[in-house]
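For reference, query06.pdb is printed below; it contains PDB, C-alpha atoms and all ligand atoms.
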```pdb
MODEL        1
ATOM      1  CA  MET A 272      45.676 -68.111  66.765  1.00  0.00           C
ATOM      2  CA  ASP A 273      46.184 -64.381  66.946  1.00  0.00           C
ATOM      3  CA  ALA A 274      46.498 -62.834  63.530  1.00  0.00           C
ATOM      4  CA  ARG A 275      49.389 -60.720  64.724  1.00  0.00           C
ATOM      5  CA  THR A 276      51.313 -63.858  65.635  1.00  0.00           C
ATOM      6  CA  ALA A 277      50.566 -65.592  62.435  1.00  0.00           C
ATOM      7  CA  PRO A 278      53.812 -66.424  60.693  1.00  0.00           C
ATOM      8  CA  PHE A 279      54.734 -63.885  58.077  1.00  0.00           C
ATOM      9  CA  SER A 280      54.253 -65.213  54.624  1.00  0.00           C
ATOM     10  CA  PRO A 281      56.115 -63.151  52.075  1.00  0.00           C
ATOM     11  CA  PRO A 282      54.257 -62.364  48.911  1.00  0.00           C
ATOM     12  CA  SER A 283      55.104 -64.685  46.183  1.00  0.00           C
ATOM     13  CA  THR A 284      57.769 -63.355  43.886  1.00  0.00           C
ATOM     14  CA  PRO A 285      56.143 -62.017  40.704  1.00  0.00           C
ATOM     15  CA  PRO A 286      57.384 -63.585  37.525  1.00  0.00           C
ATOM     16  CA  ALA A 287      60.158 -61.767  35.738  1.00  0.00           C
ATOM     17  CA  PRO A 288      58.347 -59.233  33.587  1.00  0.00           C
ATOM     18  CA  SER A 289      60.235 -59.915  30.458  1.00  0.00           C
ATOM     19  CA  ALA A 290      60.098 -63.636  30.464  1.00  0.00           C
ATOM     20  CA  PRO A 291      56.707 -64.214  28.853  1.00  0.00           C
ATOM     21  CA  GLY A 292      57.085 -61.325  26.363  1.00  0.00           C
ATOM     22  CA  ARG A 293      60.333 -62.402  24.812  1.00  0.00           C
ATOM     23  CA  PRO A 294      59.303 -65.021  22.297  1.00  0.00           C
ATOM     24  CA  PRO A 295      56.535 -62.922  20.522  1.00  0.00           C
ATOM     25  CA  ARG A 296      58.778 -59.852  20.373  1.00  0.00           C
ATOM     26  CA  ARG A 297      61.571 -61.862  18.771  1.00  0.00           C
ATOM     27  CA  ARG A 298      59.111 -63.211  16.183  1.00  0.00           C
ATOM     28  CA  LEU A 299      57.904 -59.701  15.464  1.00  0.00           C
ATOM     29  CA  ARG A 300      61.437 -58.486  14.897  1.00  0.00           C
ATOM     30  CA  VAL A 301      62.114 -61.384  12.526  1.00  0.00           C
ATOM     31  CA  VAL A 302      58.920 -60.689  10.561  1.00  0.00           C
ATOM     32  CA  ALA A 303      59.698 -56.977  10.377  1.00  0.00           C
ATOM     33  CA  GLY A 304      63.191 -57.779   9.133  1.00  0.00           C
ATOM     34  CA  LEU A 305      61.817 -60.054   6.407  1.00  0.00           C
ATOM     35  CA  VAL A 306      59.308 -57.414   5.299  1.00  0.00           C
ATOM     36  CA  THR A 307      62.101 -54.847   5.055  1.00  0.00           C
ATOM     37  CA  VAL A 308      64.190 -57.196   2.918  1.00  0.00           C
ATOM     38  CA  VAL A 309      61.250 -58.000   0.628  1.00  0.00           C
ATOM     39  CA  VAL A 310      60.359 -54.308   0.219  1.00  0.00           C
ATOM     40  CA  ALA A 311      63.996 -53.474  -0.524  1.00  0.00           C
ATOM     41  CA  LEU A 312      64.153 -56.244  -3.158  1.00  0.00           C
ATOM     42  CA  VAL A 313      60.937 -55.045  -4.814  1.00  0.00           C
ATOM     43  CA  VAL A 314      62.253 -51.469  -4.902  1.00  0.00           C
ATOM     44  CA  ILE A 315      65.554 -52.617  -6.398  1.00  0.00           C
ATOM     45  CA  LEU A 316      63.730 -54.674  -9.048  1.00  0.00           C
ATOM     46  CA  LEU A 317      61.414 -51.781  -9.961  1.00  0.00           C
ATOM     47  CA  VAL A 318      64.316 -49.319 -10.218  1.00  0.00           C
ATOM     48  CA  ALA A 319      66.299 -51.746 -12.355  1.00  0.00           C
ATOM     49  CA  LYS A 320      63.276 -52.292 -14.632  1.00  0.00           C
ATOM     50  CA  GLY A 321      62.747 -48.514 -14.911  1.00  0.00           C
ATOM     51  CA  LEU A 322      66.372 -47.910 -15.810  1.00  0.00           C
ATOM     52  CA  ALA A 323      66.318 -50.647 -18.434  1.00  0.00           C
ATOM     53  CA  ALA A 324      63.135 -49.246 -20.006  1.00  0.00           C
ATOM     54  CA  GLY A 325      64.314 -45.633 -19.814  1.00  0.00           C
ATOM     55  CA  PRO A 326      66.170 -44.603 -22.969  1.00  0.00           C
ATOM     56  CA  THR A 327      65.002 -47.394 -25.267  1.00  0.00           C
ATOM     57  CA  GLY A 328      61.728 -48.644 -23.837  1.00  0.00           C
ATOM     58  CA  GLY A 329      59.706 -45.413 -23.518  1.00  0.00           C
ATOM     59  CA  ALA A 330      58.523 -43.243 -26.422  1.00  0.00           C
ATOM     60  CA  VAL A 331      60.337 -39.857 -26.517  1.00  0.00           C
ATOM     61  CA  PRO A 332      57.686 -37.079 -26.614  1.00  0.00           C
ATOM     62  CA  LEU A 333      57.944 -34.733 -29.591  1.00  0.00           C
ATOM     63  CA  PRO A 334      58.412 -31.030 -28.764  1.00  0.00           C
ATOM     64  CA  VAL A 335      55.081 -29.231 -28.843  1.00  0.00           C
ATOM     65  CA  PRO A 336      55.242 -26.227 -31.253  1.00  0.00           C
ATOM     66  CA  THR A 337      54.591 -23.124 -29.243  1.00  0.00           C
ATOM     67  CA  GLU A 338      52.116 -20.575 -30.517  1.00  0.00           C
ATOM     68  CA  PRO A 339      53.935 -17.312 -31.364  1.00  0.00           C
ATOM     69  CA  THR A 340      53.087 -14.312 -29.194  1.00  0.00           C
ATOM     70  CA  ALA A 341      53.371 -10.529 -29.541  1.00  0.00           C
ATOM     71  CA  GLU A 342      56.912 -10.892 -28.173  1.00  0.00           C
ATOM     72  CA  ASP A 343      57.726 -12.943 -31.294  1.00  0.00           C
ATOM     73  CA  GLY A 344      56.457 -10.116 -33.486  1.00  0.00           C
ATOM     74  CA  ARG A 345      52.993 -11.535 -34.018  1.00  0.00           C
ATOM     75  CA  LEU A 346      50.144  -9.028 -34.101  1.00  0.00           C
ATOM     76  CA  PRO A 347      47.418  -9.806 -31.561  1.00  0.00           C
ATOM     77  CA  ASP A 348      44.317 -11.148 -33.342  1.00  0.00           C
ATOM     78  CA  GLY A 349      45.967 -10.236 -36.645  1.00  0.00           C
ATOM     79  CA  GLU A 350      45.026  -6.590 -36.105  1.00  0.00           C
ATOM     80  CA  PRO A 351      47.396  -4.296 -38.039  1.00  0.00           C
ATOM     81  CA  ALA A 352      49.553  -1.856 -36.060  1.00  0.00           C
ATOM     82  CA  SER A 353      50.355   1.802 -36.521  1.00  0.00           C
ATOM     83  CA  PRO A 354      53.920   2.364 -37.779  1.00  0.00           C
ATOM     84  CA  PHE A 355      54.208   4.895 -34.928  1.00  0.00           C
ATOM     85  CA  ASP A 356      53.333   2.420 -32.151  1.00  0.00           C
ATOM     86  CA  ASP A 357      56.556   1.666 -30.275  1.00  0.00           C
ATOM     87  CA  SER A 358      54.753  -0.649 -27.854  1.00  0.00           C
ATOM     88  CA  VAL A 359      54.344  -3.292 -30.562  1.00  0.00           C
ATOM     89  CA  PRO A 360      57.498  -5.454 -30.936  1.00  0.00           C
ATOM     90  CA  THR A 361      56.928  -6.142 -34.643  1.00  0.00           C
ATOM     91  CA  VAL A 362      57.149  -2.351 -35.216  1.00  0.00           C
ATOM     92  CA  ALA A 363      59.633  -1.338 -32.511  1.00  0.00           C
ATOM     93  CA  ARG A 364      62.189  -3.981 -33.462  1.00  0.00           C
ATOM     94  CA  LEU A 365      62.408  -2.994 -37.129  1.00  0.00           C
ATOM     95  CA  ASP A 366      65.789  -1.719 -38.311  1.00  0.00           C
ATOM     96  CA  PRO A 367      65.846   1.967 -37.189  1.00  0.00           C
ATOM     97  CA  ALA A 368      66.614   3.277 -40.699  1.00  0.00           C
ATOM     98  CA  LEU A 369      63.746   1.254 -42.216  1.00  0.00           C
ATOM     99  CA  LEU A 370      61.395   2.395 -39.438  1.00  0.00           C
ATOM    100  CA  ALA A 371      62.346   6.058 -39.974  1.00  0.00           C
ATOM    101  CA  ALA A 372      61.700   5.723 -43.724  1.00  0.00           C
ATOM    102  CA  LEU A 373      58.402   3.968 -43.067  1.00  0.00           C
ATOM    103  CA  ARG A 374      57.228   6.729 -40.710  1.00  0.00           C
ATOM    104  CA  GLU A 375      58.191   9.393 -43.223  1.00  0.00           C
ATOM    105  CA  ALA A 376      56.223   7.547 -45.911  1.00  0.00           C
ATOM    106  CA  ALA A 377      53.257   7.014 -43.564  1.00  0.00           C
ATOM    107  CA  THR A 378      53.076  10.742 -42.839  1.00  0.00           C
ATOM    108  CA  ALA A 379      53.027  11.501 -46.569  1.00  0.00           C
ATOM    109  CA  VAL A 380      50.528   8.733 -47.328  1.00  0.00           C
ATOM    110  CA  GLU A 381      48.184   9.838 -44.558  1.00  0.00           C
ATOM    111  CA  ALA A 382      48.427  13.470 -45.733  1.00  0.00           C
ATOM    112  CA  ASP A 383      47.170  12.079 -49.043  1.00  0.00           C
ATOM    113  CA  GLY A 384      44.128  10.725 -47.196  1.00  0.00           C
ATOM    114  CA  ARG A 385      45.207   7.078 -47.009  1.00  0.00           C
ATOM    115  CA  PRO A 386      45.812   4.896 -43.970  1.00  0.00           C
ATOM    116  CA  LEU A 387      49.053   2.930 -43.655  1.00  0.00           C
ATOM    117  CA  HIS A 388      49.242  -0.102 -41.366  1.00  0.00           C
ATOM    118  CA  VAL A 389      51.966  -2.544 -40.519  1.00  0.00           C
ATOM    119  CA  THR A 390      50.639  -6.062 -41.016  1.00  0.00           C
ATOM    120  CA  SER A 391      53.995  -7.681 -40.173  1.00  0.00           C
ATOM    121  CA  GLY A 392      57.428  -6.281 -39.436  1.00  0.00           C
ATOM    122  CA  TRP A 393      60.120  -7.832 -37.297  1.00  0.00           C
ATOM    123  CA  ARG A 394      59.621 -11.522 -36.444  1.00  0.00           C
ATOM    124  CA  SER A 395      61.524 -13.863 -34.147  1.00  0.00           C
ATOM    125  CA  ALA A 396      63.213 -16.858 -35.784  1.00  0.00           C
ATOM    126  CA  GLU A 397      60.738 -19.092 -33.917  1.00  0.00           C
ATOM    127  CA  TYR A 398      57.766 -17.199 -35.393  1.00  0.00           C
ATOM    128  CA  GLN A 399      59.309 -17.397 -38.875  1.00  0.00           C
ATOM    129  CA  ARG A 400      59.792 -21.165 -38.462  1.00  0.00           C
ATOM    130  CA  TRP A 401      56.156 -21.443 -37.376  1.00  0.00           C
ATOM    131  CA  LEU A 402      55.020 -19.462 -40.460  1.00  0.00           C
ATOM    132  CA  GLN A 403      57.197 -21.632 -42.675  1.00  0.00           C
ATOM    133  CA  GLU A 404      55.591 -24.812 -41.324  1.00  0.00           C
ATOM    134  CA  ASP A 405      52.158 -23.222 -41.720  1.00  0.00           C
ATOM    135  CA  ALA A 406      52.952 -22.332 -45.353  1.00  0.00           C
ATOM    136  CA  LEU A 407      54.093 -25.893 -45.968  1.00  0.00           C
ATOM    137  CA  ARG A 408      50.691 -27.145 -44.805  1.00  0.00           C
ATOM    138  CA  THR A 409      48.867 -24.471 -46.839  1.00  0.00           C
ATOM    139  CA  TYR A 410      50.731 -24.881 -50.129  1.00  0.00           C
ATOM    140  CA  GLY A 411      51.459 -28.587 -49.860  1.00  0.00           C
ATOM    141  CA  SER A 412      55.017 -28.420 -51.185  1.00  0.00           C
ATOM    142  CA  ALA A 413      58.241 -26.881 -49.915  1.00  0.00           C
ATOM    143  CA  GLU A 414      58.863 -25.364 -53.353  1.00  0.00           C
ATOM    144  CA  GLU A 415      55.570 -23.448 -53.487  1.00  0.00           C
ATOM    145  CA  ALA A 416      55.784 -22.492 -49.788  1.00  0.00           C
ATOM    146  CA  SER A 417      59.239 -20.965 -50.344  1.00  0.00           C
ATOM    147  CA  ARG A 418      57.741 -18.552 -52.893  1.00  0.00           C
ATOM    148  CA  TRP A 419      55.743 -16.948 -50.067  1.00  0.00           C
ATOM    149  CA  VAL A 420      57.502 -17.542 -46.775  1.00  0.00           C
ATOM    150  CA  GLY A 421      61.245 -17.534 -46.210  1.00  0.00           C
ATOM    151  CA  SER A 422      63.130 -19.580 -43.654  1.00  0.00           C
ATOM    152  CA  PRO A 423      64.382 -18.117 -40.343  1.00  0.00           C
ATOM    153  CA  GLU A 424      67.833 -18.055 -41.942  1.00  0.00           C
ATOM    154  CA  THR A 425      66.804 -16.143 -45.083  1.00  0.00           C
ATOM    155  CA  SER A 426      63.791 -13.965 -44.246  1.00  0.00           C
ATOM    156  CA  ALA A 427      64.535 -10.246 -44.016  1.00  0.00           C
ATOM    157  CA  HIS A 428      61.733 -10.004 -41.441  1.00  0.00           C
ATOM    158  CA  VAL A 429      63.859 -11.868 -38.874  1.00  0.00           C
ATOM    159  CA  THR A 430      66.592  -9.230 -39.047  1.00  0.00           C
ATOM    160  CA  GLY A 431      64.030  -6.403 -38.974  1.00  0.00           C
ATOM    161  CA  ASP A 432      64.862  -5.414 -42.569  1.00  0.00           C
ATOM    162  CA  ALA A 433      61.417  -5.992 -44.097  1.00  0.00           C
ATOM    163  CA  VAL A 434      57.925  -4.715 -43.452  1.00  0.00           C
ATOM    164  CA  ASP A 435      54.563  -5.797 -44.831  1.00  0.00           C
ATOM    165  CA  ILE A 436      52.073  -2.984 -45.083  1.00  0.00           C
ATOM    166  CA  GLY A 437      48.365  -2.601 -45.642  1.00  0.00           C
ATOM    167  CA  PRO A 438      45.750  -1.970 -46.709  1.00  0.00           C
ATOM    168  CA  TYR A 439      46.312  -3.282 -50.201  1.00  0.00           C
ATOM    169  CA  ALA A 440      45.520   0.035 -51.916  1.00  0.00           C
ATOM    170  CA  THR A 441      48.164   1.797 -49.809  1.00  0.00           C
ATOM    171  CA  ALA A 442      50.691  -0.931 -50.599  1.00  0.00           C
ATOM    172  CA  GLU A 443      50.033  -0.403 -54.299  1.00  0.00           C
ATOM    173  CA  TRP A 444      50.420   3.363 -53.856  1.00  0.00           C
ATOM    174  CA  LEU A 445      53.721   2.905 -52.019  1.00  0.00           C
ATOM    175  CA  SER A 446      54.903   0.431 -54.611  1.00  0.00           C
ATOM    176  CA  ARG A 447      54.677   3.210 -57.217  1.00  0.00           C
ATOM    177  CA  ARG A 448      55.824   6.090 -55.014  1.00  0.00           C
ATOM    178  CA  GLY A 449      58.081   4.548 -52.354  1.00  0.00           C
ATOM    179  CA  ALA A 450      61.434   5.255 -54.008  1.00  0.00           C
ATOM    180  CA  PRO A 451      61.811   8.849 -52.658  1.00  0.00           C
ATOM    181  CA  PHE A 452      61.554   7.332 -49.148  1.00  0.00           C
ATOM    182  CA  GLY A 453      63.971   4.521 -49.970  1.00  0.00           C
ATOM    183  CA  LEU A 454      61.114   2.013 -49.693  1.00  0.00           C
ATOM    184  CA  CYS A 455      60.946  -0.604 -52.422  1.00  0.00           C
ATOM    185  CA  GLN A 456      58.738  -3.538 -53.239  1.00  0.00           C
ATOM    186  CA  VAL A 457      61.242  -6.315 -53.862  1.00  0.00           C
ATOM    187  CA  TYR A 458      59.110  -9.324 -54.851  1.00  0.00           C
ATOM    188  CA  ALA A 459      56.787  -9.098 -57.848  1.00  0.00           C
ATOM    189  CA  ASN A 460      54.289 -11.429 -56.159  1.00  0.00           C
ATOM    190  CA  GLU A 461      54.151  -9.457 -52.893  1.00  0.00           C
ATOM    191  CA  VAL A 462      52.794  -5.941 -53.290  1.00  0.00           C
ATOM    192  CA  TRP A 463      52.789  -5.512 -49.489  1.00  0.00           C
ATOM    193  CA  HIS A 464      56.431  -6.409 -48.750  1.00  0.00           C
ATOM    194  CA  PHE A 465      58.888  -3.504 -48.561  1.00  0.00           C
ATOM    195  CA  GLU A 466      62.571  -3.230 -47.797  1.00  0.00           C
ATOM    196  CA  LEU A 467      64.893  -0.257 -47.462  1.00  0.00           C
ATOM    197  CA  ARG A 468      67.049   0.535 -50.475  1.00  0.00           C
ATOM    198  CA  PRO A 469      69.062   3.618 -49.445  1.00  0.00           C
ATOM    199  CA  GLU A 470      70.081   4.343 -53.040  1.00  0.00           C
ATOM    200  CA  ALA A 471      66.452   4.385 -54.235  1.00  0.00           C
ATOM    201  CA  PRO A 472      65.808   8.148 -53.678  1.00  0.00           C
ATOM    202  CA  VAL A 473      68.546   8.840 -56.242  1.00  0.00           C
ATOM    203  CA  GLU A 474      68.599   5.761 -58.453  1.00  0.00           C
ATOM    204  CA  GLY A 475      65.045   4.516 -58.095  1.00  0.00           C
ATOM    205  CA  CYS A 476      64.075   1.084 -56.854  1.00  0.00           C
ATOM    206  CA  PRO A 477      65.986  -1.863 -58.280  1.00  0.00           C
ATOM    207  CA  GLU A 478      64.127  -4.269 -60.541  1.00  0.00           C
ATOM    208  CA  MET A 479      61.967  -6.700 -58.593  1.00  0.00           C
ATOM    209  CA  VAL A 480      62.651 -10.394 -58.435  1.00  0.00           C
ATOM    210  CA  GLU A 481      59.869 -12.840 -59.180  1.00  0.00           C
ATOM    211  CA  ASP A 482      59.323 -14.118 -55.643  1.00  0.00           C
ATOM    212  CA  ALA A 483      60.970 -14.865 -52.296  1.00  0.00           C
ATOM    213  CA  SER A 484      62.400 -18.196 -53.412  1.00  0.00           C
ATOM    214  CA  ALA A 485      64.670 -16.303 -55.842  1.00  0.00           C
ATOM    215  CA  VAL A 486      66.667 -14.371 -53.247  1.00  0.00           C
ATOM    216  CA  THR A 487      65.988 -14.284 -49.542  1.00  0.00           C
ATOM    217  CA  GLY A 488      62.541 -14.610 -48.074  1.00  0.00           C
ATOM    218  CA  SER A 489      59.339 -12.843 -47.257  1.00  0.00           C
TER     219      SER A 489
HETATM  220 ZN    ZN B 501      57.072  -9.666 -46.045  1.00  0.00          ZN
ENDMDL
END
```
Please express what this file holds, its structure, as structure tokens.
Amino acid sequence: MDARTAPFSPPSTPPAPSAPGRPPRRRLRVVAGLVTVVVALVVILLVAKGLAAGPTGGAVPLPVPTEPTAEDGRLPDGEPASPFDDSVPTVARLDPALLAALREAATAVEADGRPLHVTSGWRSAEYQRWLQEDALRTYGSAEEASRWVGSPETSAHVTGDAVDIGPYATAEWLSRRGAPFGLCQVYANEVWHFELRPEAPVEGCPEMVEDASAVTGS
């Protein structure tokens, strides 16, 4: 038989391409759907648990006390400042009338051969609170601490109306001779703490009070 005359046999029809694939794909979709539902349920449960534990279950962290900086009126490394240094906030933020009196006194003191330093002037309320807590730890009782460190509400340092000066010998000198400048020691237990008393050049400094707990604060 001639090959050319051989009866044409059409190629067998290939199977429908999708037919064998259908059942596994359907199973996959079902499994994927179940996984999604399970994951969603787990997420919902975890969120619900978290919400329930939130306000009552977890410990609320206490605020960490922040260390005062130069911007709070603290002197870097405790080094005293010149009363003429406007770059130091504890000096620059003093009441202008007190600062003018202090500079006048410093000029006179230095002409007498003595140095005059500011050991603490203006302080932020936060710094004062920090000092108050420190004094409480140092002195062990609120009563004794209040003799040395006032609260942010009472200390004249927070309003820029008080300045502590050093060294000690200069503070003693100013304690005796500060009145003509309007500078007065106000607490008997703090030779270094001065405030402006505008009437002092004429009337002299008023009588001191025993310590800071009596009136305002140091
Ligand atoms: Zn003081």
Next on the checklist: Within 12 Å of ligand ZN 501 (chain B) (counting only C-alpha atoms and all ligand atoms), which residues show up? I'd like them as number ranges by chain.
Outcome noted: A: 361, 389-394, 399, 402, 418-422, 425-437, 442, 455-466, 482-483, 487-489
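Straight-line separation from atom CA of A:Ser417 to atom CA of A:Ser484: 5.2 Å.
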Determine the axis-aligned bounding box of all atoms of stretch 356-370 of chain A present in the file, pad each side by 6 Å, and express its centre and edge lengths in Å to one decimal place as JSON.
```
{"center_x": 60.0, "center_y": -1.4, "center_z": -35.0, "size_x": 25.3, "size_y": 21.4, "size_z": 26.4}
```
I'd like the residues picked by the PyMOL selection byres (((chain A and resi 339) around 10) and not hetatm) written out as a PDB file with C-alpha atoms, keeping the file's coordinate frame, using the chain letters and numbers from the file.
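This is the output file selection25.pdb:
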```
ATOM      1  CA  PRO A 336      55.242 -26.227 -31.253  1.00  0.00           C
ATOM      2  CA  THR A 337      54.591 -23.124 -29.243  1.00  0.00           C
ATOM      3  CA  GLU A 338      52.116 -20.575 -30.517  1.00  0.00           C
ATOM      4  CA  THR A 340      53.087 -14.312 -29.194  1.00  0.00           C
ATOM      5  CA  ALA A 341      53.371 -10.529 -29.541  1.00  0.00           C
ATOM      6  CA  GLU A 342      56.912 -10.892 -28.173  1.00  0.00           C
ATOM      7  CA  ASP A 343      57.726 -12.943 -31.294  1.00  0.00           C
ATOM      8  CA  GLY A 344      56.457 -10.116 -33.486  1.00  0.00           C
ATOM      9  CA  ARG A 345      52.993 -11.535 -34.018  1.00  0.00           C
ATOM     10  CA  LEU A 346      50.144  -9.028 -34.101  1.00  0.00           C
ATOM     11  CA  PRO A 347      47.418  -9.806 -31.561  1.00  0.00           C
ATOM     12  CA  ARG A 394      59.621 -11.522 -36.444  1.00  0.00           C
ATOM     13  CA  SER A 395      61.524 -13.863 -34.147  1.00  0.00           C
ATOM     14  CA  GLU A 397      60.738 -19.092 -33.917  1.00  0.00           C
ATOM     15  CA  TYR A 398      57.766 -17.199 -35.393  1.00  0.00           C
ATOM     16  CA  GLN A 399      59.309 -17.397 -38.875  1.00  0.00           C
ATOM     17  CA  ARG A 400      59.792 -21.165 -38.462  1.00  0.00           C
ATOM     18  CA  TRP A 401      56.156 -21.443 -37.376  1.00  0.00           C
ATOM     19  CA  LEU A 402      55.020 -19.462 -40.460  1.00  0.00           C
TER      20      LEU A 402
END
```
Checklist entry - Applied to the shown file, which residues does the PyMOL selection byres (((chain A and resi 371) around 12) and not hetatm) return, written as a ChimeraX atom specification? => result /A:354-355,362-370,372-378,452-454,467,469
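Going from atom CA of A:Ser353 over to atom CA of A:Gly384, you cover 15.2 Å.
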Item to check | Between atom CA of A:Gly475 and atom CA of A:Pro451, distance in Å (one decimal) | outcome: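 Distance reported for this atom pair: 7.7 Å.
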Next on the checklist: Considering only C-alpha atoms, can you say which of A:Gly449, A:Pro438, A:Ala382, A:Thr409 comes closest to A:Ala352?
Outcome noted: A:Pro438
Next on the checklist: Could you check the closest approach to A:Glu470 for each of A:Tyr410, A:Ala450, A:Glu381, A:Ala485 and tell me which residue wins, using all atoms listed in the file?
Outcome noted: A:Ala450
